[in-house]
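*Asks:* See structure-v3.txt below, with compact mmCIF, C-alpha atoms.
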# COMPACT_ATOMS: atom_id res chain seq x y z
CA MET A 1499 -15.10 6.44 16.97
CA ALA A 1500 -12.26 6.80 14.57
CA ARG A 1501 -11.55 10.26 13.29
CA SER A 1502 -10.72 11.12 9.74
CA LEU A 1503 -9.46 14.19 7.96
CA ILE A 1504 -10.38 14.70 4.32
CA THR A 1505 -9.00 17.58 2.26
CA LEU A 1506 -10.51 18.43 -1.09
CA PRO A 1507 -11.35 21.62 -2.99
CA GLU A 1508 -14.87 23.04 -2.51
CA ARG A 1509 -15.33 23.95 -6.18
CA VAL A 1510 -13.66 22.55 -9.25
CA SER A 1511 -14.19 23.09 -12.95
CA ARG A 1512 -15.61 20.38 -15.17
CA GLY A 1513 -13.10 17.97 -16.65
CA GLU A 1514 -10.38 19.04 -14.23
CA SER A 1515 -8.39 16.52 -12.16
CA PHE A 1516 -8.04 17.44 -8.52
CA ARG A 1517 -6.23 15.90 -5.57
CA VAL A 1518 -7.96 14.47 -2.53
CA ARG A 1519 -6.04 13.74 0.67
CA THR A 1520 -7.38 11.45 3.39
CA LEU A 1521 -5.98 10.76 6.80
CA LEU A 1522 -7.53 8.28 9.21
CA GLN A 1523 -6.84 7.85 12.89
CA HIS A 1524 -5.93 4.17 13.26
CA PRO A 1525 -3.03 2.27 14.93
CA MET A 1526 -2.43 -0.11 11.96
CA GLU A 1527 -1.07 -2.75 14.37
CA SER A 1528 1.07 -4.87 12.06
CA GLY A 1529 0.74 -8.27 13.73
CA PHE A 1530 4.55 -8.63 13.80
CA ARG A 1531 5.18 -6.68 16.99
CA ALA A 1532 5.33 -7.98 20.56
CA GLY A 1533 3.60 -6.18 23.42
CA ALA A 1534 4.94 -5.52 26.93
CA ASP A 1535 4.24 -9.14 27.95
CA GLY A 1536 6.31 -10.51 25.05
CA ARG A 1537 3.36 -11.89 23.17
CA VAL A 1538 2.72 -10.87 19.58
CA LEU A 1539 -0.03 -8.29 19.35
CA PRO A 1540 -2.82 -9.44 17.02
CA ARG A 1541 -3.01 -7.75 13.65
CA ASP A 1542 -5.40 -4.80 13.50
CA ILE A 1543 -5.13 -2.94 10.21
CA VAL A 1544 -7.35 -1.14 7.75
CA ARG A 1545 -7.47 -3.54 4.82
CA ARG A 1546 -9.47 -1.66 2.24
CA PHE A 1547 -10.11 1.93 1.25
CA ARG A 1548 -12.61 2.95 -1.39
CA CYS A 1549 -13.70 6.27 -2.83
CA LEU A 1550 -16.94 6.66 -4.81
CA TYR A 1551 -17.98 9.77 -6.74
CA ASN A 1552 -21.77 9.91 -7.23
CA GLY A 1553 -21.79 6.12 -6.91
CA GLU A 1554 -18.98 5.54 -9.44
CA LEU A 1555 -15.64 4.16 -8.37
CA VAL A 1556 -12.66 6.50 -8.13
CA ILE A 1557 -10.11 4.22 -6.52
CA GLU A 1558 -10.05 1.09 -4.43
CA ALA A 1559 -6.92 0.37 -2.40
CA GLU A 1560 -5.87 -2.81 -0.64
CA LEU A 1561 -3.64 -1.91 2.30
CA SER A 1562 -1.14 -4.07 4.15
CA PRO A 1563 0.71 -3.90 7.50
CA ALA A 1564 3.47 -1.98 5.67
CA ILE A 1565 1.25 1.11 5.65
CA ALA A 1566 2.18 3.41 8.52
CA ALA A 1567 -0.11 4.12 11.48
CA ASN A 1568 -2.83 6.69 10.74
CA PRO A 1569 -3.01 5.77 7.06
CA PHE A 1570 -2.66 8.69 4.66
CA ILE A 1571 -3.84 8.28 1.09
CA GLU A 1572 -3.68 10.93 -1.61
CA PHE A 1573 -5.16 10.37 -5.05
CA SER A 1574 -6.68 12.23 -7.99
CA VAL A 1575 -10.31 12.54 -9.11
CA ARG A 1576 -11.73 13.79 -12.42
CA ALA A 1577 -14.55 16.31 -11.95
CA VAL A 1578 -17.70 15.41 -13.88
CA ASP A 1579 -20.80 16.62 -12.04
CA SER A 1580 -21.69 18.28 -8.77
CA GLY A 1581 -22.53 15.76 -6.11
CA SER A 1582 -20.66 14.02 -3.36
CA LEU A 1583 -17.64 11.89 -2.68
CA LEU A 1584 -18.05 8.88 -0.43
CA PHE A 1585 -15.06 7.50 1.46
CA GLU A 1586 -15.12 4.01 2.98
CA TRP A 1587 -12.53 2.31 5.15
CA THR A 1588 -12.90 -1.29 6.30
CA GLY A 1589 -10.51 -3.37 8.34
CA ASP A 1590 -9.76 -6.01 10.93
CA GLN A 1591 -11.89 -6.50 14.04
CA GLY A 1592 -14.96 -5.16 12.28
CA PHE A 1593 -13.54 -1.72 11.61
CA ALA A 1594 -15.74 0.31 9.25
CA LEU A 1595 -16.01 4.03 8.61
CA ARG A 1596 -17.92 5.98 5.97
CA GLU A 1597 -17.56 9.68 5.31
CA GLN A 1598 -19.23 11.88 2.73
CA ARG A 1599 -18.16 15.27 1.34
CA PRO A 1600 -20.02 17.56 -1.07
CA LEU A 1601 -18.42 18.74 -4.29
CA ILE A 1602 -19.45 21.62 -6.53
CA VAL A 1603 -18.48 21.38 -10.19
CA ALA A 1604 -18.74 24.71 -11.99
CA MET B 797 19.15 -45.07 17.33
CA ALA B 798 21.30 -42.82 15.15
CA GLY B 799 18.27 -42.36 12.92
CA LEU B 800 16.17 -41.18 15.86
CA ALA B 801 18.81 -38.66 16.99
CA ARG B 802 19.01 -37.31 13.49
CA ARG B 803 15.24 -36.96 13.38
CA GLN B 804 15.23 -35.09 16.71
CA LEU B 805 18.00 -32.82 15.52
CA LEU B 806 16.08 -32.01 12.34
CA ALA B 807 12.90 -31.34 14.30
CA ALA B 808 14.79 -28.97 16.64
CA ALA B 809 16.35 -27.17 13.68
CA GLY B 810 12.89 -26.78 12.19
CA GLY B 811 11.65 -25.27 15.45
CA VAL B 812 14.48 -22.75 15.51
CA TRP B 813 13.74 -21.80 11.94
CA LEU B 814 10.09 -21.09 12.81
CA LEU B 815 11.15 -18.72 15.62
CA ARG B 816 12.85 -16.33 13.22
CA PRO B 817 10.82 -13.19 12.58
CA ALA B 818 8.86 -13.20 9.35
CA GLN B 819 10.64 -11.58 6.45
CA ALA B 820 9.89 -11.27 2.78
CA THR B 821 12.60 -12.67 0.53
CA PRO B 822 13.59 -11.90 -3.05
CA GLU B 823 11.63 -15.08 -3.95
CA SER B 824 8.43 -13.92 -2.25
CA LEU B 825 8.88 -10.51 -3.90
CA ALA B 826 9.15 -12.22 -7.29
CA ALA B 827 6.03 -14.27 -6.49
CA ALA B 828 4.08 -11.15 -5.48
CA LEU B 829 5.16 -9.37 -8.67
CA ARG B 830 4.09 -12.37 -10.76
CA ASP B 831 0.74 -12.47 -8.97
CA PHE B 832 0.13 -8.78 -9.73
CA SER B 833 1.30 -8.84 -13.35
CA GLY B 834 -0.49 -12.09 -14.15
CA GLY B 835 2.69 -13.46 -15.69
CA ALA B 836 3.19 -10.53 -18.10
CA PRO B 837 6.84 -9.48 -18.42
CA LEU B 838 7.81 -6.47 -16.29
CA ARG B 839 9.53 -3.73 -18.21
CA GLU B 840 11.48 -0.84 -16.72
CA GLY B 841 10.03 2.63 -17.24
CA ARG B 842 6.82 4.70 -17.33
CA VAL B 843 6.25 4.32 -13.57
CA GLN B 844 7.74 6.90 -11.27
CA LEU B 845 8.45 5.92 -7.66
CA ASP B 846 9.34 8.84 -5.38
CA ILE B 847 10.88 8.20 -2.00
CA ALA B 848 13.77 9.71 -0.06
CA PRO B 849 16.94 7.69 -0.79
CA LEU B 850 18.06 8.07 2.83
CA VAL B 851 15.34 7.50 5.43
CA ASP B 852 15.94 8.54 9.05
CA ASN B 853 12.87 6.89 10.53
CA GLY B 854 11.29 3.82 8.97
CA ASN B 855 8.01 4.19 10.85
CA THR B 856 6.44 6.71 8.51
CA VAL B 857 8.08 7.19 5.15
CA PRO B 858 6.28 9.35 2.56
CA VAL B 859 6.17 7.56 -0.77
CA SER B 860 4.39 8.32 -4.02
CA VAL B 861 3.85 6.36 -7.20
CA ALA B 862 2.72 7.90 -10.47
CA VAL B 863 2.42 7.05 -14.15
CA PRO B 864 2.94 10.46 -15.75
CA GLY B 865 3.49 9.44 -19.35
CA ALA B 866 0.66 7.07 -20.23
CA PRO B 867 -2.92 8.27 -20.99
CA ALA B 868 -4.88 8.02 -17.74
CA GLU B 869 -7.55 5.57 -19.00
CA GLN B 870 -4.79 3.18 -20.03
CA VAL B 871 -3.58 2.58 -16.50
CA LEU B 872 -5.74 0.08 -14.63
CA ALA B 873 -3.82 -0.65 -11.47
CA LEU B 874 -0.77 0.31 -9.43
CA ALA B 875 1.06 -1.61 -6.75
CA LEU B 876 4.02 -1.18 -4.45
CA PHE B 877 6.18 -4.03 -3.14
CA THR B 878 9.13 -4.37 -0.77
CA GLU B 879 12.01 -6.78 -0.63
CA ARG B 880 12.69 -7.10 3.10
CA ASN B 881 9.61 -6.04 5.07
CA PRO B 882 7.78 -8.93 6.80
CA GLN B 883 5.46 -9.09 3.77
CA SER B 884 6.18 -8.19 0.16
CA GLU B 885 2.94 -6.30 -0.44
CA VAL B 886 2.53 -2.66 0.56
CA VAL B 887 -0.50 -1.42 -1.35
CA ARG B 888 -2.50 -2.34 -4.43
CA LEU B 889 -4.67 0.23 -6.13
CA GLN B 890 -7.43 -0.16 -8.73
CA PHE B 891 -8.53 2.86 -10.71
CA GLY B 892 -12.23 3.32 -11.43
CA PRO B 893 -13.96 5.39 -14.13
CA ARG B 894 -13.84 8.58 -12.02
CA ALA B 895 -10.11 8.53 -11.23
CA GLY B 896 -8.04 11.46 -12.52
CA GLU B 897 -4.28 11.41 -12.81
CA ARG B 898 -2.74 8.04 -12.07
CA LEU B 899 -0.98 8.72 -8.81
CA LEU B 900 -0.93 7.62 -5.21
CA SER B 901 0.80 9.12 -2.20
CA THR B 902 0.92 7.39 1.14
CA ARG B 903 3.15 6.80 4.15
CA MET B 904 4.74 3.42 4.68
CA ARG B 905 6.88 1.41 7.09
CA LEU B 906 10.35 0.21 6.21
CA ALA B 907 11.85 -2.63 8.24
CA THR B 908 15.38 -2.14 6.92
CA SER B 909 17.44 -0.81 4.02
CA GLN B 910 16.07 -2.48 0.93
CA GLN B 911 14.69 -2.24 -2.55
CA LEU B 912 11.16 -1.05 -3.38
CA VAL B 913 9.35 -1.91 -6.57
CA ALA B 914 6.41 0.02 -8.04
CA VAL B 915 4.41 -1.65 -10.81
CA ALA B 916 1.67 -0.37 -13.11
CA ARG B 917 -0.66 -2.60 -15.12
CA LEU B 918 -1.93 -1.12 -18.38
CA ALA B 919 -5.09 -1.88 -20.37
CA ASP B 920 -3.06 -3.56 -23.13
CA GLY B 921 -1.79 -6.11 -20.57
CA SER B 922 1.73 -4.73 -20.33
CA CYS B 923 3.34 -4.12 -16.93
CA TRP B 924 5.89 -1.43 -16.14
CA MET B 925 8.01 -0.98 -13.06
CA GLN B 926 10.62 1.07 -11.29
CA ARG B 927 13.00 -0.20 -8.65
CA VAL B 928 14.45 2.13 -6.01
CA ASN B 929 16.99 1.40 -3.28
CA VAL B 930 16.55 3.07 0.08
CA VAL B 931 18.83 3.23 3.12
CA VAL B 932 17.01 3.18 6.46
CA THR B 933 18.76 4.45 9.61
CA LEU B 934 16.06 3.63 12.17
CA SER B 935 13.89 0.65 11.32
CA ALA B 936 10.15 0.46 11.81
CA CYS B 937 9.61 -1.41 15.07
CA LEU B 938 8.86 -5.04 14.33
CA GLU B 939 10.22 -6.73 17.46
Taking this structure as input, can you express it in the form of structure tokens?

*Replies:*
Amino acid sequence: MARSLITLPERVSRGESFRVRTLLQHPMESGFRAGADGRVLPRDIVRRFRCLYNGELVIEAELSPAIAANPFIEFSVRAVDSGSLLFEWTGDQGFALREQRPLIVA
Amino acid sequence: MAGLARRQLLAAAGGVWLLRPAQATPESLAAALRDFSGGAPLREGRVQLDIAPLVDNGNTVPVSVAVPGAPAEQVLALALFTERNPQSEVVRLQFGPRAGERLLSTRMRLATSQQLVAVARLADGSCWMQRVNVVVTLSACLE
């Protein structure tokens, strides 16, 4: 099971933009590197990252092998209503992870 | 007979060419930029690309792209491209209705010293970019 680390404020005020930082444990094998036996290791990357806020899209990112191992993504969200943020990563070899975090808008 | 030898030589040369490691070229960078902008002319400015000019280790390089000037709703998408990594594309980002400031920070790989290009696509169809040159001491491992 892949581990992820998501940092966001617990409470924000309405209309404010706040930063969210996400870090995912993943090798991001580029598909350009040879293993110990000299054969090219097959590509295994996270291709897509999506963040939804109460079902509405915040950002959707398309990643490539040029993103470093353990992909880190920081972005900004506009606070509208209390609810939750949903984070979704999908990638090669059937990789999929969903995480949810509550958010209080005062 | 001479024709056959020539054909063999060409085939061998083709084989050698295929063995070279993959690398993006200025042409593939231009093609990727065209694909993202949809043919709109790329103008310098508005986009801010932050990266250390001298990178010790190409395996994880912090990089951030932002569009500080334009009104947030105006900016639809951001992308980052490289000149000499195996592929031109690094990341493409679409902003949804709940996005705040138009910014993205991530960590990337750099295969060698090269130029990076950040592009923003605005609602009015215009595209803005910034180019930055970086020097890489230790490359991201590709071989």

*Asks:* So that I can check the surroundings of Gly1589 (chain A), please list as a PyMOL selection string every protein, DNA and RNA residue that reaches within 8 Å of it, counting only C-alpha atoms and ignoring chain neighbours fewer than 6 positions away.

*Replies:* chain A and resi 1542-1546

*Asks:* What separation in Å, quoted to one decimal, exists between CA of Glu869 (chain B) and CA of Ser1574 (chain A)?

*Replies:*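 Rounded to one decimal, the two atoms are 12.9 Å apart.
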
*Asks:* Could you tell me how far CA of Leu906 (chain B) sits from CA of Leu1506 (chain A), in Å to one decimal place?

*Replies:*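 Here the two named atoms are 28.6 Å from each other.
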
*Asks:* Please determine, counting only C-alpha atoms, which residue among A:Glu1514, A:Glu1554, A:Glu1508, A:Glu1527 has the shortest atom-to-atom distance to Ala1567 (chain A).

*Replies:*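 Once distances to Ala1567 (chain A) are computed over only C-alpha atoms, the minimum belongs to A:Glu1527.
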
*Asks:* With 9 Å as the limit and counting all atoms listed in the file, what residues in chain B lie close to chain A? Please list them as a CSV table (one decimal) with C-alpha atoms, in the frame of the given file.

*Replies:*
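And here's out-v8.csv as it stands now:
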chain,number,residue,atom,x,y,z
B,817,PRO,CA,10.8,-13.2,12.6
B,818,ALA,CA,8.9,-13.2,9.4
B,855,ASN,CA,8.0,4.2,10.8
B,856,THR,CA,6.4,6.7,8.5
B,857,VAL,CA,8.1,7.2,5.2
B,860,SER,CA,4.4,8.3,-4.0
B,878,THR,CA,9.1,-4.4,-0.8
B,881,ASN,CA,9.6,-6.0,5.1
B,882,PRO,CA,7.8,-8.9,6.8
B,883,GLN,CA,5.5,-9.1,3.8
B,884,SER,CA,6.2,-8.2,0.2
B,885,GLU,CA,2.9,-6.3,-0.4
B,886,VAL,CA,2.5,-2.7,0.6
B,887,VAL,CA,-0.5,-1.4,-1.4
B,888,ARG,CA,-2.5,-2.3,-4.4
B,889,LEU,CA,-4.7,0.2,-6.1
B,890,GLN,CA,-7.4,-0.2,-8.7
B,891,PHE,CA,-8.5,2.9,-10.7
B,892,GLY,CA,-12.2,3.3,-11.4
B,893,PRO,CA,-14.0,5.4,-14.1
B,894,ARG,CA,-13.8,8.6,-12.0
B,895,ALA,CA,-10.1,8.5,-11.2
B,896,GLY,CA,-8.0,11.5,-12.5
B,897,GLU,CA,-4.3,11.4,-12.8
B,898,ARG,CA,-2.7,8.0,-12.1
B,899,LEU,CA,-1.0,8.7,-8.8
B,900,LEU,CA,-0.9,7.6,-5.2
B,901,SER,CA,0.8,9.1,-2.2
B,902,THR,CA,0.9,7.4,1.1
B,903,ARG,CA,3.2,6.8,4.2
B,904,MET,CA,4.7,3.4,4.7
B,905,ARG,CA,6.9,1.4,7.1
B,906,LEU,CA,10.4,0.2,6.2
B,907,ALA,CA,11.8,-2.6,8.2
B,937,CYS,CA,9.6,-1.4,15.1
B,938,LEU,CA,8.9,-5.0,14.3
B,939,GLU,CA,10.2,-6.7,17.5

*Asks:* Skipping near chain neighbours, those fewer than 2 positions away, what residues fall within 10 Å of Ala1604 (chain A) using only C-alpha atoms, listed as an MDAnalysis selection string?

*Replies:* chainID A and resid 1509:1513 1577:1580 1601:1602

*Asks:* State, in Å with one decimal place, the distance from CA of Arg842 (chain B) to CA of Ala914 (chain B).

*Replies:*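 So the answer is 10.4 Å.
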
*Asks:* Taking only C-alpha atoms into account, which of B:Glu879, B:Ala868, B:Leu912, B:Glu840 comes nearest Gln819 (chain B)?

*Replies:*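 Checking each of B:Glu879, B:Ala868, B:Leu912, B:Glu840 against Gln819 (chain B), counting only C-alpha atoms, the winner is B:Glu879.
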
*Asks:* Do you know which residues are at most 7 Å from Val871 (chain B) counting all atoms listed in the file, after dropping those on the same chain fewer than 2 positions away, and could you put them as a PyMOL selection string?

*Replies:* chain B and resi 868-869+873+916-919

*Asks:* Could you please fill out region 1550-1565 of chain A with N, CA and C atoms and send it back as an mmCIF file, keeping the file's coordinate frame?

*Replies:*
data_model
loop_
_atom_site.group_PDB
_atom_site.id
_atom_site.type_symbol
_atom_site.label_atom_id
_atom_site.label_comp_id
_atom_site.auth_asym_id
_atom_site.auth_seq_id
_atom_site.Cartn_x
_atom_site.Cartn_y
_atom_site.Cartn_z
ATOM 1 N N LEU A 1550 -15.911 6.639 -3.772
ATOM 2 C CA LEU A 1550 -16.940 6.660 -4.810
ATOM 3 C C LEU A 1550 -17.355 8.097 -5.065
ATOM 4 N N TYR A 1551 -17.569 8.424 -6.354
ATOM 5 C CA TYR A 1551 -17.980 9.770 -6.740
ATOM 6 C C TYR A 1551 -19.332 9.625 -7.409
ATOM 7 N N ASN A 1552 -20.386 10.100 -6.768
ATOM 8 C CA ASN A 1552 -21.770 9.910 -7.230
ATOM 9 C C ASN A 1552 -22.037 8.442 -7.575
ATOM 10 N N GLY A 1553 -21.544 7.549 -6.733
ATOM 11 C CA GLY A 1553 -21.790 6.120 -6.910
ATOM 12 C C GLY A 1553 -20.824 5.415 -7.847
ATOM 13 N N GLU A 1554 -19.946 6.168 -8.526
ATOM 14 C CA GLU A 1554 -18.980 5.540 -9.440
ATOM 15 C C GLU A 1554 -17.617 5.465 -8.767
ATOM 16 N N LEU A 1555 -16.908 4.392 -9.047
ATOM 17 C CA LEU A 1555 -15.640 4.160 -8.370
ATOM 18 C C LEU A 1555 -14.553 5.151 -8.819
ATOM 19 N N VAL A 1556 -13.845 5.689 -7.834
ATOM 20 C CA VAL A 1556 -12.660 6.500 -8.130
ATOM 21 C C VAL A 1556 -11.431 5.609 -7.969
ATOM 22 N N ILE A 1557 -11.186 5.185 -6.742
ATOM 23 C CA ILE A 1557 -10.110 4.220 -6.520
ATOM 24 C C ILE A 1557 -10.531 3.231 -5.437
ATOM 25 N N GLU A 1558 -9.895 2.069 -5.497
ATOM 26 C CA GLU A 1558 -10.050 1.090 -4.430
ATOM 27 C C GLU A 1558 -8.647 0.611 -4.088
ATOM 28 N N ALA A 1559 -8.276 0.724 -2.819
ATOM 29 C CA ALA A 1559 -6.920 0.370 -2.400
ATOM 30 C C ALA A 1559 -6.964 -0.778 -1.405
ATOM 31 N N GLU A 1560 -6.035 -1.713 -1.582
ATOM 32 C CA GLU A 1560 -5.870 -2.810 -0.640
ATOM 33 C C GLU A 1560 -4.624 -2.493 0.173
ATOM 34 N N LEU A 1561 -4.776 -2.300 1.467
ATOM 35 C CA LEU A 1561 -3.640 -1.910 2.300
ATOM 36 C C LEU A 1561 -3.050 -3.121 3.002
ATOM 37 N N SER A 1562 -1.818 -2.979 3.467
ATOM 38 C CA SER A 1562 -1.140 -4.070 4.150
ATOM 39 C C SER A 1562 -0.509 -3.529 5.435
ATOM 40 N N PRO A 1563 0.078 -4.404 6.272
ATOM 41 C CA PRO A 1563 0.710 -3.900 7.500
ATOM 42 C C PRO A 1563 1.875 -2.948 7.225
ATOM 43 N N ALA A 1564 2.370 -2.890 5.991
ATOM 44 C CA ALA A 1564 3.470 -1.980 5.670
ATOM 45 C C ALA A 1564 3.025 -0.535 5.554
ATOM 46 N N ILE A 1565 1.726 -0.273 5.650
ATOM 47 C CA ILE A 1565 1.250 1.110 5.650
ATOM 48 C C ILE A 1565 1.359 1.635 7.086
#
